[in-house]
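**Q** Quick one: the structure is below, questions incoming.
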Amino acid sequence: MNVKKDIRFRVYIAFTCICLFGVGIFLKALKIQVKEGPELRKLAREMHTDTTTLVAERGNIYTENGMLLCSSIPEFDVHIDFSVISKKLFDSKVDTLALCLSDLFKNASATQYKQQLKAAYDSADRYYTLARNVPYYQYQQLRAFPIFNKGKNYGGFIEDARVKRINPYGMLAYRTIGLYRENSPTIGLESKYDSVLTGTDGSCVVQKQTGGVRIPIEGSEIEPVNGKDIVTTLDVSIQDVAEHAMMSVLQQYECLYGTCIVMEVETGKIRALVNLGRQPNGTYWEDLNYAMMPTEPGSTFKLVTLLSLLNDKYITINSMVNAEGGAITFGNRTMKDSHLGMGVVPVKEAFAHSSNVSMAKLAYTYYGSNPEKYVAHLQALHLDKRTGIDLIGERPPVVKTTASKSWSATTLPWMATGYEVQVTPLHTCMVYNAVANNGRMMRPYLVSAIREYGKNDRTIEPQVVVERIADSSTIAQAKECMRAVVTEGTATNIASPFYEISGKTGTAQVADKGIKYSDGVYQGSFVGFFPSEKPKYTIAVVIRTKPHSSSYYGGTIAAPVFRMIADGVFAYDIGSWNGPLDSLAKAGDKKIPARVATISSYATLFNVLNRKVNMPATWENSLMQVVTDSNKRTAMVTTPVYKGIMPNVTGMGLKDAIYILETQGMQVHVYGKGKVQSQSVAPGVRITKGQNIILQLS
């Protein structure tokens with residue numbers, strides 16, 4: 001009996017426990033459902049969803065005639081997860097895959113690729129690096145290869161994508177254009193207009209599915225806003241001419257650096273800006289923007305002194321001045337002319353022959369008792385302020401006043417000849433350009449428009465700094481003196497039979513940035529404009545020599561650069577030639593390269609070589625290649641370019657290829673250097689306006 005009671009008691013206890021346990025579970029479930037449920041459900045959703053960033057495209061940089069100067073292209077690192085590839089698939093396709101990889105990359109044989117792939121497969125490598133920095137057109141081909149075409153889950157294909165910023169023309173205007181690098185300092189226009197070029201990233205919520213597949217959740221997308229494009233005033237052809245001219249002289253005399261500015265007279269647009277510095281290995285690179293670095297300008301500053309004297313009506317260019325035989329003493333310092341012997345001469349002749357004594361004597365005579373009046377002229381020309389060019393990094397000039405601690409009894413005469421004052425080559429160019437522009441001073445600038453989706457969002461107009469720096473009589477007399485520099489003075493060596501040049505040479509011994517006067521470092525310069533009768537371009541050339549160089553005069557090292565640039569620009573833009581030499585090889589010994597190019601480029605080359613050739617009647621939308629028959633006669637094979645049909649640009653120079661493709665309305669992206677080796681869109685296929693194409697250069 002007691003046993004039965006004990007059993008019933010145990011059963012009762014067990015039943016009670018079960019009931020209490022059930023009630024506990026119910027209460028816990030109720031708590032989770034009511035109190036903790038929303039938070040747990042949110043956590044569950046987060047574990048199965050993710051937010052993906054939709055990267056905005058950075059804007060491009062173009063020239064005014066539509067040539068691409070800087071753009072972004074996709075680039076990929078490709079990895080393979082061999083653990084997801086079935087043995088049957090791998091064994092049946094590895095031979096074909098190895099052959100495809102060998103043909104694509106050409107860096108190993110098919111046998112070598114097969115051995116590498118098999119070793120990685122046998123070790124079940126889950127992140128095997130196949131290739132790095134793969135351009136987009138190769139990436140597209142890789143995805144279509146056997147095994148890889150099965151995707152990530154079955155073919156193990158993993159890509160690590162990123163955007164690469166490229167400059168199709170390499171070093172050309174590199175310091176001016178700049179190059180954007182993520183998480184690194186930027187320079188040039190890329191830095192100045194970073195907020196314009198940079199877009200706003202978007203986002204998208206994706207839901208994770210079985211097998212790692214991610215499906216976008218409808219309605220969750222926030223579209224990215226792409227960056228805007230900027231249109232620069234640079235002209236690739238003028239920039240190319242200027243760079244080659246500067247490079248030839250720098251290499252010849254092993255100079256420390258050189259800078260050159262080509263400014264459009266009427267507007268102030270910078271058409272070319274060259275900054276080449278000598279590297280430790282003897283090569284030259286666009287390392288610093290020397291055009292924005294203030295230095296003592298030397299004799300090119302004499303134009304400022306001449307303008308001051310003429311403006312105040314103290315002299316005319318026919319007034320006589322005594323050059324004192326080439327030497328004069330101010331205080332305890334003696335100033336000398338580089339070529340001694342001049343006596344009493346007209347101001348025009350003294351300027352043409354760059355007499356230091358004459359200009360210093362005139363300044364001291366008329367401003368010695370009131371030097372503030374002379375300084376006021378410099379300030380009126382904005383030489384004491386930054387030019388305001390749209391680039392970051394312009395350093396302030398140094399123009400002394402009588403309140404300066406370093407002002408002395410000899411400051412005025414030395415300032416009059418370009419010493420004891422520091423201005424940038426841009427400042428000097430701006431003053432000379434104002435004279436060329438009949439007294440109107442323009443602000444130099446590099447960006448003419450900001451563009452969004454192919455249409456101008458904002459147009460940047462030329463800006464007048466000073467409406468009139470001098471009266472018409474002063475400007476006319478200054479022009480006459482500058483013309484005399486080339487016809488009878490220190491720059492007769494650059495006179496041209498085709499157009500007239502006006503300008504001024506300058507030679508200054510420098511002592512800055514750790515350099516002492518005893519080091520024998522000089523700065524040779526030439527600043528001027530052409531054609532003299534109706535100026536279109538102002539060019540400033542400044543070159544710093546190596547220590548104790550045998551050639552350092554502005555007329556010797558800088559003026560020839562001016563002439564080479566002026567010749568090229570005259571032929572390209574002002575004269576009777578049809579176009580630039582473009583990307584054709586330099587013609588030597590009257591030989592013509594058998595390269596595919598635009599017909600206008602060949603017409604230019606024939607003109608240079610003085611070759612009589614019957615050109616096709618229609619030049620537009622045609623390509624041409626020169627061939628020679630058995631009788632050594634020149635013949636041309638032309639190929640028309642049809643609108644909406646992809647042309648074959650393989651083998652062409654970059655400039656011609658970009659011109660042809662952008663004329664077709666295509667967006668061109670370039671990878672590499674040299675001639676066009678391959679194109680991502682096959683010749684003959686139909687294309688649409690705005691379609692992207694990638695050119696691989698050799």
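By order in the structure tokens, chains are A, B, ...; within a chain, residues start at 1; ligands start at 1, following the order shown.
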For the strand (DSSP E) assignment from backbone DSSP, which residues of stretch 19-250 of chain A qualify? Please present them as a PyMOL selection string.

**A** chain A and resi 49-54+61-63+68-80+128-135+157-166+202-208+214-216+229-232

**Q** Export, as a short mmCIF file (atom, residue, chain, number, x, y, z; two decimals), in the first residue's frame, the selected residues with C-alpha atoms.

**A**
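Saved the output as out34.cif:
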```cif
data_model
loop_
_atom_site.label_atom_id
_atom_site.label_comp_id
_atom_site.auth_asym_id
_atom_site.auth_seq_id
_atom_site.Cartn_x
_atom_site.Cartn_y
_atom_site.Cartn_z
CA THR A 49 20.86 41.01 -45.52
CA ASP A 50 23.75 43.28 -46.31
CA THR A 51 24.23 46.80 -47.65
CA THR A 52 26.30 47.11 -50.80
CA THR A 53 27.93 50.40 -51.80
CA LEU A 54 27.21 51.55 -55.35
CA ILE A 61 38.98 65.70 -67.70
CA TYR A 62 38.71 66.82 -71.33
CA THR A 63 40.17 69.47 -73.60
CA LEU A 68 40.29 62.85 -73.08
CA LEU A 69 43.07 63.86 -70.66
CA CYS A 70 42.17 61.85 -67.57
CA SER A 71 39.64 59.12 -66.86
CA SER A 72 38.82 56.18 -64.62
CA ILE A 73 38.87 52.58 -65.81
CA PRO A 74 38.01 49.37 -63.96
CA GLU A 75 40.83 47.02 -63.04
CA PHE A 76 40.69 43.58 -61.43
CA ASP A 77 42.67 41.13 -59.34
CA VAL A 78 41.41 37.63 -60.21
CA HIS A 79 41.44 34.72 -57.73
CA ILE A 80 40.18 31.12 -57.92
CA TYR A 128 44.56 31.19 -55.63
CA THR A 129 45.80 34.42 -57.25
CA LEU A 130 45.57 34.00 -61.00
CA ALA A 131 46.39 37.55 -62.15
CA ARG A 132 46.59 41.10 -60.82
CA ASN A 133 45.80 44.46 -62.41
CA VAL A 134 43.75 42.86 -65.18
CA PRO A 135 42.18 45.46 -67.54
CA PHE A 157 35.89 32.69 -60.20
CA ILE A 158 36.50 35.55 -57.74
CA GLU A 159 37.23 39.11 -58.84
CA ASP A 160 38.49 41.98 -56.72
CA ALA A 161 37.44 45.09 -58.62
CA ARG A 162 38.75 48.63 -58.22
CA VAL A 163 38.92 51.79 -60.27
CA LYS A 164 42.19 53.02 -61.72
CA ARG A 165 42.74 56.66 -62.68
CA ILE A 166 44.75 57.03 -65.89
CA GLY A 202 24.84 55.13 -53.58
CA SER A 203 23.77 51.97 -51.75
CA CYS A 204 21.63 48.89 -52.16
CA VAL A 205 20.31 46.36 -49.62
CA VAL A 206 20.81 42.76 -50.75
CA GLN A 207 19.35 39.59 -49.25
CA LYS A 208 21.60 36.58 -48.78
CA ARG A 214 22.82 37.97 -53.05
CA ILE A 215 19.59 39.38 -54.44
CA PRO A 216 18.88 43.13 -54.33
CA ASP A 229 33.53 66.37 -65.94
CA ILE A 230 35.81 69.38 -66.27
CA VAL A 231 36.92 70.91 -69.56
CA THR A 232 40.43 72.33 -69.48
#
```

**Q** Report as a PyMOL selection string all protein, DNA and RNA residues lying within 12 Å of A:Ala376, evaluated on only C-alpha atoms, omitting residues in the same chain fewer than 3 positions from it.

**A** chain A and resi 304-305+308+312+367+370-373+379-384+399-402

**Q** If you measure from atom CA of A:Gly665 to atom CA of A:Gly227, what distance in Å do you get, rounded to one decimal?

**A**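 Separating atom CA of A:Gly665 from atom CA of A:Gly227 is a distance of 19.7 Å.
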
**Q** List the spatial neighbours of A:Thr410 as a list in words - criterion: any atom at most 9 Å away, only C-alpha atoms, same-chain residues fewer than 5 positions off excluded.

**A**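 In the requested format, the answer is Phe330, Gly331, Asn332, Arg333 and Met415 of chain A.
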
**Q** Please dump the current selection as a PDB file, in the first residue's frame; keep N, CA, C and O atoms.

**A**
```
ATOM      1  N   PHE A 330      75.950 102.579 -57.459  1.00  0.00           N
ATOM      2  CA  PHE A 330      74.892 103.082 -56.584  1.00  0.00           C
ATOM      3  C   PHE A 330      75.288 102.720 -55.164  1.00  0.00           C
ATOM      4  O   PHE A 330      75.427 101.533 -54.832  1.00  0.00           O
ATOM      5  N   GLY A 331      75.483 103.737 -54.327  1.00  0.00           N
ATOM      6  CA  GLY A 331      75.926 103.456 -52.967  1.00  0.00           C
ATOM      7  C   GLY A 331      77.267 102.758 -52.990  1.00  0.00           C
ATOM      8  O   GLY A 331      78.238 103.242 -53.580  1.00  0.00           O
ATOM      9  N   ASN A 332      77.319 101.574 -52.369  1.00  0.00           N
ATOM     10  CA  ASN A 332      78.573 100.815 -52.336  1.00  0.00           C
ATOM     11  C   ASN A 332      78.570  99.636 -53.298  1.00  0.00           C
ATOM     12  O   ASN A 332      79.398  98.736 -53.184  1.00  0.00           O
ATOM     13  N   ARG A 333      77.624  99.646 -54.256  1.00  0.00           N
ATOM     14  CA  ARG A 333      77.525  98.531 -55.200  1.00  0.00           C
ATOM     15  C   ARG A 333      77.657  99.038 -56.632  1.00  0.00           C
ATOM     16  O   ARG A 333      77.164 100.120 -56.975  1.00  0.00           O
ATOM     17  N   MET A 415      65.938  96.535 -58.259  1.00  0.00           N
ATOM     18  CA  MET A 415      64.578  96.100 -58.600  1.00  0.00           C
ATOM     19  C   MET A 415      64.264  96.425 -60.057  1.00  0.00           C
ATOM     20  O   MET A 415      63.606  95.648 -60.758  1.00  0.00           O
TER      21      MET A 415
END
```

**Q** Can you list, as a list in words, every protein, DNA or RNA residue that comes within 9 Å of A:Asn275 when you count only C-alpha atoms, leaving out same-chain residues fewer than 2 positions away?

**A**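 Returned residues: Ala173, Tyr174, Arg175, Thr176, Glu243, Tyr257, Gly258, Thr259, Cys260, Leu273, Gly277, Trp285, Glu286, Asp287, Leu288, Asn289, Tyr290 and Ala291 of chain A.
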
**Q** Distance atom CA of A:Ala434-atom CA of A:Thr417, one decimal place?

**A**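 According to the coordinates, atom CA of A:Ala434 and atom CA of A:Thr417 are separated by 19.7 Å.
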
**Q** List the spatial neighbours of A:Pro425 as a list in words - criterion: any atom at most 10 Å away, only C-alpha atoms, same-chain residues fewer than 6 positions off excluded.

**A**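 Result of the neighbour search: Thr259, Cys260, Ile261, Tyr290, Ala291, Met292, Met293, Pro294, Thr295, Glu296, Pro297, Ser525, Val527, Ala540, Val541 and Val542 of chain A.
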
**Q** How about saving the chosen residues, all heavy atoms kept, as a compact mmCIF listing (two decimals), in the first residue's frame?

**A**
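Heads up, here's the output in again12.txt:
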```txt
# COMPACT_ATOMS: atom_id res chain seq x y z
N THR A 259 60.45 75.73 -67.24
CA THR A 259 59.00 75.85 -67.28
C THR A 259 58.62 76.72 -68.46
O THR A 259 59.38 77.60 -68.88
CB THR A 259 58.45 76.47 -65.97
OG1 THR A 259 57.03 76.49 -66.02
CG2 THR A 259 58.96 77.87 -65.76
N CYS A 260 57.46 76.45 -69.00
CA CYS A 260 56.98 77.18 -70.17
C CYS A 260 55.47 77.35 -70.06
O CYS A 260 54.76 76.42 -69.71
CB CYS A 260 57.35 76.43 -71.44
SG CYS A 260 56.53 77.08 -72.90
N ILE A 261 55.00 78.55 -70.37
CA ILE A 261 53.57 78.86 -70.35
C ILE A 261 53.17 79.40 -71.71
O ILE A 261 53.82 80.31 -72.23
CB ILE A 261 53.25 79.92 -69.28
CG1 ILE A 261 53.78 79.49 -67.91
CG2 ILE A 261 51.75 80.20 -69.21
CD1 ILE A 261 54.08 80.65 -66.98
N TYR A 290 56.98 74.67 -61.48
CA TYR A 290 57.92 75.78 -61.42
C TYR A 290 57.30 77.09 -61.89
O TYR A 290 57.79 78.17 -61.54
CB TYR A 290 59.15 75.46 -62.27
CG TYR A 290 59.88 74.21 -61.84
CD1 TYR A 290 59.76 73.02 -62.55
CD2 TYR A 290 60.67 74.21 -60.69
CE1 TYR A 290 60.42 71.86 -62.14
CE2 TYR A 290 61.33 73.07 -60.28
CZ TYR A 290 61.20 71.90 -61.01
OH TYR A 290 61.85 70.76 -60.60
N ALA A 291 56.24 77.02 -62.67
CA ALA A 291 55.57 78.23 -63.16
C ALA A 291 54.95 79.03 -62.04
O ALA A 291 54.67 80.22 -62.19
CB ALA A 291 54.52 77.87 -64.20
N MET A 292 54.71 78.39 -60.88
CA MET A 292 54.07 79.05 -59.75
C MET A 292 55.04 79.32 -58.60
O MET A 292 54.64 79.63 -57.49
CB MET A 292 52.88 78.22 -59.25
CG MET A 292 51.82 77.96 -60.32
SD MET A 292 50.23 77.42 -59.66
CE MET A 292 50.70 75.99 -58.70
N MET A 293 56.35 79.20 -58.89
CA MET A 293 57.37 79.43 -57.86
C MET A 293 58.05 80.77 -58.11
O MET A 293 58.65 80.98 -59.17
CB MET A 293 58.41 78.30 -57.89
CG MET A 293 57.83 76.95 -57.50
SD MET A 293 58.94 75.55 -57.81
CE MET A 293 60.37 76.04 -56.86
N PRO A 294 57.97 81.71 -57.17
CA PRO A 294 58.58 83.03 -57.37
C PRO A 294 60.11 82.98 -57.31
O PRO A 294 60.68 82.32 -56.46
CB PRO A 294 58.01 83.87 -56.22
CG PRO A 294 57.60 82.88 -55.18
CD PRO A 294 57.24 81.62 -55.90
N THR A 295 60.74 83.67 -58.25
CA THR A 295 62.20 83.82 -58.29
C THR A 295 62.52 85.22 -58.78
O THR A 295 61.64 85.95 -59.26
CB THR A 295 62.85 82.80 -59.26
OG1 THR A 295 62.32 83.01 -60.59
CG2 THR A 295 62.57 81.37 -58.84
N GLU A 296 63.78 85.62 -58.69
CA GLU A 296 64.20 86.90 -59.26
C GLU A 296 64.18 86.76 -60.79
O GLU A 296 64.89 85.93 -61.35
CB GLU A 296 65.61 87.26 -58.77
CG GLU A 296 65.64 87.63 -57.29
CD GLU A 296 67.02 87.99 -56.79
OE1 GLU A 296 67.99 87.29 -57.18
OE2 GLU A 296 67.15 88.96 -56.04
N PRO A 297 63.37 87.56 -61.47
CA PRO A 297 63.16 87.35 -62.90
C PRO A 297 64.29 87.82 -63.80
O PRO A 297 64.41 87.37 -64.94
CB PRO A 297 61.88 88.14 -63.19
CG PRO A 297 61.90 89.23 -62.16
CD PRO A 297 62.52 88.64 -60.93
N SER A 525 65.74 83.38 -69.50
CA SER A 525 64.32 83.44 -69.84
C SER A 525 64.10 84.25 -71.11
O SER A 525 64.93 85.07 -71.52
CB SER A 525 63.52 84.06 -68.68
OG SER A 525 64.04 85.31 -68.30
N VAL A 527 60.41 86.00 -72.74
CA VAL A 527 58.95 86.16 -72.68
C VAL A 527 58.55 87.07 -73.83
O VAL A 527 59.15 88.13 -74.03
CB VAL A 527 58.49 86.75 -71.34
CG1 VAL A 527 56.96 86.70 -71.24
CG2 VAL A 527 59.13 86.02 -70.17
N ALA A 540 55.96 82.33 -72.22
CA ALA A 540 57.02 82.61 -71.24
C ALA A 540 57.85 81.35 -71.07
O ALA A 540 57.32 80.28 -70.78
CB ALA A 540 56.42 83.03 -69.91
N VAL A 541 59.15 81.47 -71.24
CA VAL A 541 60.08 80.35 -71.09
C VAL A 541 61.11 80.72 -70.04
O VAL A 541 61.78 81.76 -70.16
CB VAL A 541 60.80 80.01 -72.42
CG1 VAL A 541 61.77 78.85 -72.22
CG2 VAL A 541 59.80 79.68 -73.51
N VAL A 542 61.24 79.91 -69.01
CA VAL A 542 62.21 80.15 -67.94
C VAL A 542 62.99 78.85 -67.70
O VAL A 542 62.38 77.80 -67.47
CB VAL A 542 61.53 80.60 -66.63
CG1 VAL A 542 62.57 80.78 -65.53
CG2 VAL A 542 60.75 81.88 -66.85
```

**Q** From the list A:Asn226, A:Leu101, A:Lys118, A:Leu303, which residue is nearest A:Val55 when using only C-alpha atoms?

**A**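 Closest candidate: A:Asn226.
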
**Q** For atom CA of A:Gly178 and atom CA of A:Val447, quote the distance in Å rounded to one decimal.

**A**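 Computing the Euclidean distance for atom CA of A:Gly178 and atom CA of A:Val447 yields 13.4 Å.
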
**Q** Mind checking DSSP for stretch 86-323 of chain A and telling me the helix (DSSP H, G or I) residues as a VMD selection string?

**A** chain A and resid 87 to 105 110 to 122 136 to 143 148 to 155 174 to 177 188 to 192 194 to 197 210 to 212 236 to 253 290 to 292 298 to 311

**Q** Take the residues that were just selected and, keeping C-alpha atoms, output them as a short mmCIF file (atom, residue, chain, number, x, y, z; two decimals), in the first residue's frame.

**A**
```cif
data_model
loop_
_atom_site.label_atom_id
_atom_site.label_comp_id
_atom_site.auth_asym_id
_atom_site.auth_seq_id
_atom_site.Cartn_x
_atom_site.Cartn_y
_atom_site.Cartn_z
CA LYS A 87 36.76 17.00 -60.29
CA LYS A 88 34.76 16.05 -63.37
CA LEU A 89 34.58 19.70 -64.52
CA PHE A 90 38.22 20.42 -63.76
CA ASP A 91 39.59 17.32 -65.49
CA SER A 92 37.49 17.84 -68.61
CA LYS A 93 38.28 21.56 -69.06
CA VAL A 94 41.73 22.22 -67.57
CA ASP A 95 43.57 21.72 -70.88
CA THR A 96 41.35 24.20 -72.71
CA LEU A 97 41.54 26.68 -69.83
CA ALA A 98 45.35 26.52 -69.75
CA LEU A 99 45.50 27.17 -73.49
CA CYS A 100 43.13 30.14 -73.18
CA LEU A 101 45.17 31.66 -70.34
CA SER A 102 48.40 31.26 -72.28
CA ASP A 103 46.90 32.98 -75.34
CA LEU A 104 45.47 35.82 -73.25
CA PHE A 105 48.38 36.71 -70.98
CA ALA A 110 49.76 26.17 -71.86
CA THR A 111 51.72 23.32 -70.25
CA GLN A 112 53.03 25.61 -67.53
CA TYR A 113 49.57 26.98 -66.84
CA LYS A 114 48.14 23.45 -66.59
CA GLN A 115 50.81 22.48 -64.05
CA GLN A 116 50.06 25.58 -61.94
CA LEU A 117 46.31 25.02 -62.05
CA LYS A 118 46.60 21.32 -61.21
CA ALA A 119 48.86 21.99 -58.22
CA ALA A 120 46.42 24.59 -56.87
CA TYR A 121 43.47 22.24 -57.44
CA ASP A 122 45.16 19.31 -55.68
CA TYR A 136 38.47 45.32 -68.21
CA TYR A 137 38.66 43.82 -71.70
CA GLN A 138 40.80 40.91 -70.42
CA TYR A 139 38.50 40.47 -67.44
CA GLN A 140 35.57 40.05 -69.81
CA GLN A 141 37.43 37.35 -71.71
CA LEU A 142 38.45 35.55 -68.50
CA ARG A 143 34.84 35.28 -67.34
CA PHE A 148 35.31 30.25 -65.02
CA ASN A 149 32.08 30.64 -66.99
CA LYS A 150 30.33 28.63 -64.26
CA GLY A 151 30.62 31.63 -61.95
CA LYS A 152 31.76 31.85 -58.35
CA ASN A 153 29.76 28.98 -56.84
CA TYR A 154 30.76 26.29 -59.36
CA GLY A 155 33.65 27.76 -61.31
CA TYR A 174 51.12 65.66 -65.75
CA ARG A 175 51.78 68.25 -63.05
CA THR A 176 48.93 70.40 -64.33
CA ILE A 177 46.33 67.69 -64.84
CA GLY A 188 46.95 69.71 -60.22
CA LEU A 189 43.39 70.03 -61.51
CA GLU A 190 42.52 66.71 -59.88
CA SER A 191 43.13 68.38 -56.53
CA LYS A 192 41.70 71.83 -57.27
CA ASP A 194 38.23 67.33 -56.49
CA SER A 195 34.82 68.30 -55.10
CA VAL A 196 33.49 68.63 -58.67
CA LEU A 197 35.01 65.42 -60.01
CA THR A 210 21.47 29.77 -50.15
CA GLY A 211 24.84 29.29 -51.81
CA GLY A 212 26.00 32.82 -51.12
CA VAL A 236 47.24 68.71 -76.43
CA SER A 237 49.01 69.61 -79.67
CA ILE A 238 50.44 72.88 -78.30
CA GLN A 239 51.37 71.13 -75.04
CA ASP A 240 53.16 68.41 -77.00
CA VAL A 241 55.12 70.94 -79.07
CA ALA A 242 56.07 72.93 -75.96
CA GLU A 243 57.19 69.88 -74.02
CA HIS A 244 59.39 68.56 -76.83
CA ALA A 245 60.94 71.98 -77.40
CA MET A 246 61.72 72.40 -73.71
CA MET A 247 63.02 68.85 -73.36
CA SER A 248 65.47 69.24 -76.25
CA VAL A 249 67.18 72.26 -74.66
CA LEU A 250 67.15 70.90 -71.11
CA GLN A 251 68.86 67.72 -72.26
CA GLN A 252 71.36 69.59 -74.43
CA TYR A 253 72.61 71.80 -71.59
CA TYR A 290 57.92 75.78 -61.42
CA ALA A 291 55.57 78.23 -63.16
CA MET A 292 54.07 79.05 -59.75
CA GLY A 298 66.16 89.28 -64.20
CA SER A 299 65.96 91.41 -67.33
CA THR A 300 62.43 90.38 -68.36
CA PHE A 301 61.36 92.63 -65.47
CA LYS A 302 62.75 95.66 -67.35
CA LEU A 303 59.44 95.81 -69.22
CA VAL A 304 57.74 96.70 -65.91
CA THR A 305 60.24 99.51 -65.36
CA LEU A 306 59.78 100.75 -68.93
CA LEU A 307 55.98 100.75 -68.54
CA SER A 308 56.29 102.78 -65.33
CA LEU A 309 58.53 105.42 -66.89
CA LEU A 310 56.38 105.69 -70.04
CA ASN A 311 53.14 105.79 -68.06
#
```

**Q** Counting only C-alpha atoms, what is within 9 Å of A:Leu340, bar same-chain residues fewer than 2 positions away, as a list in words?

**A**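 Here the qualifying residues turn out to be Gly325, Gly326, Ala327, Lys336, Asp337, Ser338, Met342 and Ser355 of chain A.
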
**Q** Restricting the output to N, CA, C and O atoms, write the selected residues as a tab-separated table (two decimals), in the first residue's frame.

**A**
```tsv
chain	number	residue	atom	x	y	z
A	325	GLY	N	79.18	103.53	-70.43
A	325	GLY	CA	80.18	102.54	-70.84
A	325	GLY	C	79.92	101.16	-70.29
A	325	GLY	O	80.74	100.25	-70.45
A	326	GLY	N	78.78	100.98	-69.63
A	326	GLY	CA	78.42	99.64	-69.14
A	326	GLY	C	78.65	99.41	-67.67
A	326	GLY	O	78.59	98.26	-67.21
A	327	ALA	N	78.90	100.47	-66.88
A	327	ALA	CA	79.10	100.28	-65.43
A	327	ALA	C	78.70	101.55	-64.70
A	327	ALA	O	79.00	102.67	-65.14
A	336	LYS	N	76.80	96.38	-63.58
A	336	LYS	CA	77.45	96.29	-64.89
A	336	LYS	C	76.51	95.68	-65.92
A	336	LYS	O	75.60	94.94	-65.59
A	337	ASP	N	76.78	96.06	-67.17
A	337	ASP	CA	76.10	95.40	-68.29
A	337	ASP	C	76.91	94.17	-68.68
A	337	ASP	O	78.14	94.16	-68.57
A	338	SER	N	76.22	93.15	-69.16
A	338	SER	CA	76.92	91.93	-69.55
A	338	SER	C	77.83	92.18	-70.75
A	338	SER	O	78.84	91.51	-70.93
A	342	MET	N	78.42	100.45	-74.16
A	342	MET	CA	77.38	101.36	-74.64
A	342	MET	C	77.54	102.74	-74.00
A	342	MET	O	77.85	102.86	-72.82
A	355	SER	N	70.40	96.77	-71.46
A	355	SER	CA	71.38	97.48	-70.64
A	355	SER	C	70.85	97.64	-69.22
A	355	SER	O	69.89	98.37	-68.96
```
